[in-house]
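One file, model.csv, is given below (CSV, C-alpha atoms).
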chain,number,residue,atom,x,y,z
A,1,MET,CA,-8.3,-10.9,12.5
A,2,ARG,CA,-8.4,-14.6,13.3
A,3,TYR,CA,-10.7,-17.0,11.6
A,4,LEU,CA,-11.2,-20.7,12.3
A,5,ILE,CA,-12.0,-22.2,8.9
A,6,GLY,CA,-12.8,-25.6,10.4
A,7,ARG,CA,-11.3,-29.0,11.0
A,8,GLY,CA,-8.1,-27.6,12.4
A,9,PHE,CA,-7.5,-24.9,9.7
A,10,GLU,CA,-7.0,-21.4,11.0
A,11,VAL,CA,-6.1,-18.2,9.3
A,12,SER,CA,-5.0,-15.0,11.0
A,13,ALA,CA,-4.0,-11.6,9.6
A,14,ALA,CA,-2.9,-8.2,11.0
A,15,ALA,CA,-2.0,-4.9,9.4
A,16,THR,CA,-0.8,-1.6,10.7
A,17,TYR,CA,-0.7,1.8,9.1
A,18,LEU,CA,1.5,4.3,10.9
A,19,ASP,CA,1.9,8.0,9.8
A,20,ALA,CA,4.7,8.8,12.2
A,21,LYS,CA,6.4,12.1,11.2
A,22,TYR,CA,8.5,14.5,13.1
A,23,LYS,CA,6.5,17.6,13.9
A,24,SER,CA,9.6,19.6,14.6
A,25,TYR,CA,13.2,18.4,14.7
A,26,PRO,CA,15.4,21.5,14.0
A,27,THR,CA,18.7,19.8,14.9
A,28,ALA,CA,18.5,16.5,13.2
A,29,GLY,CA,22.0,15.1,12.2
A,30,LEU,CA,23.0,15.3,8.6
A,31,PHE,CA,25.7,13.1,7.1
A,32,THR,CA,27.0,14.9,3.9
A,33,PRO,CA,29.6,12.8,2.0
A,34,ILE,CA,32.9,14.6,1.3
A,35,ILE,CA,34.2,13.6,-2.1
A,36,VAL,CA,37.7,14.6,-3.2
A,37,ASP,CA,38.7,13.8,-6.8
A,38,GLY,CA,35.8,11.5,-7.2
A,39,VAL,CA,36.7,9.5,-4.1
A,40,PHE,CA,34.7,9.4,-0.8
A,41,ARG,CA,36.8,10.7,2.0
A,42,ALA,CA,34.5,11.1,5.0
A,43,PHE,CA,31.1,12.4,6.2
A,44,ASP,CA,30.7,16.0,7.2
A,45,THR,CA,28.7,15.6,10.5
A,46,SER,CA,28.9,19.3,11.5
A,47,GLN,CA,25.6,20.2,9.8
A,48,THR,CA,22.0,19.8,11.0
A,49,ILE,CA,18.7,20.1,9.2
A,50,ASP,CA,15.1,20.5,10.3
A,51,ALA,CA,13.7,17.1,9.8
A,52,GLY,CA,10.1,18.3,10.5
A,53,GLY,CA,7.7,16.5,8.3
A,54,ASN,CA,10.1,13.5,7.7
A,55,GLN,CA,9.1,10.0,8.4
A,56,MET,CA,10.3,8.9,11.9
A,57,GLN,CA,13.2,6.5,11.9
A,58,GLY,CA,12.3,2.9,12.7
A,59,ALA,CA,8.6,3.5,11.8
A,60,PRO,CA,7.5,2.0,8.5
A,61,LYS,CA,4.2,3.3,7.2
A,62,PHE,CA,2.7,-0.2,6.6
A,63,THR,CA,3.3,-3.6,8.0
A,64,ALA,CA,1.2,-6.7,7.6
A,65,ASN,CA,1.3,-10.4,8.3
A,66,LEU,CA,-0.8,-13.4,7.2
A,67,ARG,CA,-0.6,-16.7,9.0
A,68,GLY,CA,-2.1,-20.1,8.2
A,69,SER,CA,-2.1,-23.1,10.5
A,70,TYR,CA,-3.4,-26.6,10.5
A,71,THR,CA,-3.7,-28.7,13.8
A,72,THR,CA,-4.5,-32.4,13.9
A,73,GLU,CA,-4.0,-35.4,16.0
A,74,VAL,CA,-1.0,-37.7,15.1
A,75,ALA,CA,0.1,-40.7,17.1
A,76,GLY,CA,-2.0,-39.6,20.1
A,77,GLY,CA,-0.3,-36.2,20.2
A,78,THR,CA,-0.9,-32.9,18.5
A,79,LEU,CA,0.7,-31.8,15.2
A,80,VAL,CA,0.7,-28.2,14.2
A,81,ALA,CA,1.9,-26.9,10.8
A,82,SER,CA,2.0,-23.2,10.2
A,83,ALA,CA,3.3,-20.7,7.7
A,84,THR,CA,3.6,-16.9,8.0
A,85,LEU,CA,4.1,-14.2,5.4
A,86,TYR,CA,5.3,-10.8,6.7
A,87,HIS,CA,5.5,-7.5,4.8
A,88,THR,CA,6.9,-4.2,5.7
A,89,SER,CA,7.2,-1.0,3.8
A,90,LYS,CA,10.2,1.3,3.5
A,91,ASN,CA,11.9,2.2,6.8
A,92,TYR,CA,14.4,4.9,7.5
A,93,PHE,CA,17.5,4.6,9.8
A,94,ASP,CA,18.0,8.3,10.3
A,95,ALA,CA,15.9,11.4,10.9
A,96,ALA,CA,17.1,13.1,7.7
A,97,ASN,CA,15.6,10.1,5.8
A,98,ASP,CA,18.9,9.6,3.9
A,99,PHE,CA,19.5,6.0,4.9
A,100,ALA,CA,16.6,3.6,4.2
A,101,GLN,CA,15.6,0.0,3.7
A,102,SER,CA,13.1,-0.6,0.9
A,103,GLY,CA,10.0,-2.7,1.7
A,104,TYR,CA,10.4,-6.5,1.8
A,105,GLU,CA,8.6,-9.7,2.6
A,106,LEU,CA,9.6,-12.6,4.9
A,107,VAL,CA,8.3,-16.2,4.8
A,108,GLY,CA,8.5,-18.6,7.7
A,109,ALA,CA,7.2,-22.0,8.4
A,110,ARG,CA,7.1,-24.4,11.4
A,111,VAL,CA,5.9,-27.9,12.1
A,112,GLU,CA,5.8,-29.2,15.6
A,113,TRP,CA,4.4,-32.3,17.4
A,114,THR,CA,3.5,-32.4,21.1
A,115,ASP,CA,3.3,-35.8,22.8
A,116,PRO,CA,0.1,-37.1,24.4
A,117,SER,CA,1.3,-36.1,27.9
A,118,ASP,CA,1.6,-32.5,26.7
A,119,ARG,CA,5.1,-32.4,28.2
A,120,TYR,CA,7.4,-32.6,25.2
A,121,THR,CA,7.3,-30.8,21.9
A,122,VAL,CA,9.6,-31.4,18.9
A,123,GLY,CA,9.7,-29.0,16.0
A,124,VAL,CA,11.4,-28.0,12.8
A,125,PHE,CA,11.3,-24.5,11.4
A,126,GLY,CA,12.5,-22.2,8.6
A,127,GLU,CA,12.9,-18.5,8.6
A,128,ASN,CA,13.4,-16.1,5.7
A,129,LEU,CA,12.6,-18.9,3.3
A,130,GLY,CA,12.4,-16.6,0.4
A,131,ASP,CA,16.0,-15.4,1.0
A,132,ALA,CA,15.0,-11.8,1.4
A,133,LYS,CA,18.1,-9.6,1.5
A,134,TYR,CA,17.5,-6.6,3.8
A,135,ARG,CA,19.2,-4.4,6.3
A,136,THR,CA,18.3,-4.1,9.9
A,137,ALA,CA,20.4,-1.1,10.8
A,138,ALA,CA,22.7,1.6,9.3
A,139,ILE,CA,25.6,2.8,11.3
A,140,VAL,CA,27.1,6.1,10.1
A,141,GLY,CA,30.2,7.8,11.5
A,142,THR,CA,32.5,10.5,10.4
A,143,VAL,CA,34.7,8.3,8.2
A,144,ALA,CA,32.5,5.4,7.2
A,145,ALA,CA,29.0,4.1,6.9
A,146,GLY,CA,28.1,0.5,7.6
A,147,VAL,CA,25.0,-1.7,7.6
A,148,VAL,CA,23.8,-4.7,9.5
A,149,TRP,CA,22.3,-7.3,7.2
A,150,ALA,CA,19.5,-9.6,8.4
A,151,PRO,CA,20.2,-13.4,8.5
A,152,PRO,CA,19.9,-15.5,5.4
A,153,PRO,CA,17.4,-18.4,5.3
A,154,THR,CA,17.7,-20.2,8.6
A,155,TRP,CA,16.6,-23.7,9.4
A,156,GLY,CA,16.5,-25.5,12.7
A,157,ALA,CA,14.9,-27.9,15.1
A,158,SER,CA,13.7,-27.4,18.7
A,159,LEU,CA,12.9,-29.6,21.7
A,160,ARG,CA,10.8,-28.3,24.6
A,161,ALA,CA,10.1,-30.0,27.9
A,162,ARG,CA,7.7,-28.9,30.6
A,163,PHE,CA,8.3,-30.0,34.1
Would you mind writing the structure in this file as structure tokens?
Amino acid sequence: MRYLIGRGFEVSAAATYLDAKYKSYPTAGLFTPIIVDGVFRAFDTSQTIDAGGNQMQGAPKFTANLRGSYTTEVAGGTLVASATLYHTSKNYFDAANDFAQSGYELVGARVEWTDPSDRYTVGVFGENLGDAKYRTAAIVGTVAAGVVWAPPPTWGASLRARF
């Protein structure tokens, strides 16, 4: 959905519901921790399970975003200020649904100005402004499991030129 409120104000929104489940997956990998005397030693990777009915990895059930922007003329050029809110529900990193990332929200913002010739644009932006801490991947092997964390809040500037 996209709606022009008027005088340069615009709002857009999108949402997705996905019910992606394995119909049949009789040999999905299983990572069973091996604990000896209360200490983790390794993962037993020799077993499999039927992951039929499990949520597919990398397929959150619900995602949505909401974006607002304002466009106006400044110094003969065009100024655009925008902010985005993104939400995703729980996401699994494996077919057995043992390794997951809970739902989270991200906030981003951008302000950019394009000169009157429409050749140059300068901007400033911020990503993950709410400092959401979330994983983008889980890597599991026989002796360890690791995760890849998403970047912390990020700020920057950009310059574009069209020739």
Proximity check segment 45-97 of chain A to segment 108-123 of chain A, 7 Å, nearest pairs one decimal Å, only C-alpha atoms, as a Markdown table:
| residue | atom | partner | partner_atom | distance |
| --- | --- | --- | --- | --- |
| A:Gly76 | CA | A:Pro116 | CA | 5.4 |
| A:Gly77 | CA | A:Pro116 | CA | 4.3 |
| A:Thr78 | CA | A:Thr114 | CA | 5.1 |
| A:Leu79 | CA | A:Trp113 | CA | 4.3 |
| A:Val80 | CA | A:Glu112 | CA | 5.4 |
| A:Ala81 | CA | A:Val111 | CA | 4.3 |
| A:Ser82 | CA | A:Arg110 | CA | 5.4 |
| A:Ala83 | CA | A:Ala109 | CA | 4.2 |
| A:Thr84 | CA | A:Gly108 | CA | 5.2 |
| A:Leu85 | CA | A:Gly108 | CA | 6.6 |
For the atom pair atom CA of Leu106 of chain A and atom CA of Thr63 of chain A, what is the interatomic distance in Å to one decimal place? 11.4 Å
Here atom CA of Gly68 of chain A and atom CA of Thr136 of chain A stand apart by 26.0 Å
Have a look at A:Ser158, A:Thr88, A:Ala137, A:Arg41 and name the one nearest to Ala14 of chain A; count only C-alpha atoms. A:Thr88
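A straight line drawn from atom CA of Ile139 of chain A to atom CA of His87 of chain A is 23.5 Å long.
In terms of minimum interatomic distance to Gly141 of chain A, A:Ala42 ranks closest within A:Ile35, A:Val11, A:Thr16, A:Ala42, counting only C-alpha atoms.
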Selected residue, from A:Glu127, A:Asp98, A:Glu105, A:Asp19, that lies nearest to Ala145 of chain A when counting all atoms listed in the file: A:Asp98
Within-7 Å shell of (16.2, -1.7, 4.4) in input frame, only C-alpha atoms, as a PyMOL selection string: chain A and resi 90-91+100-103+134-136
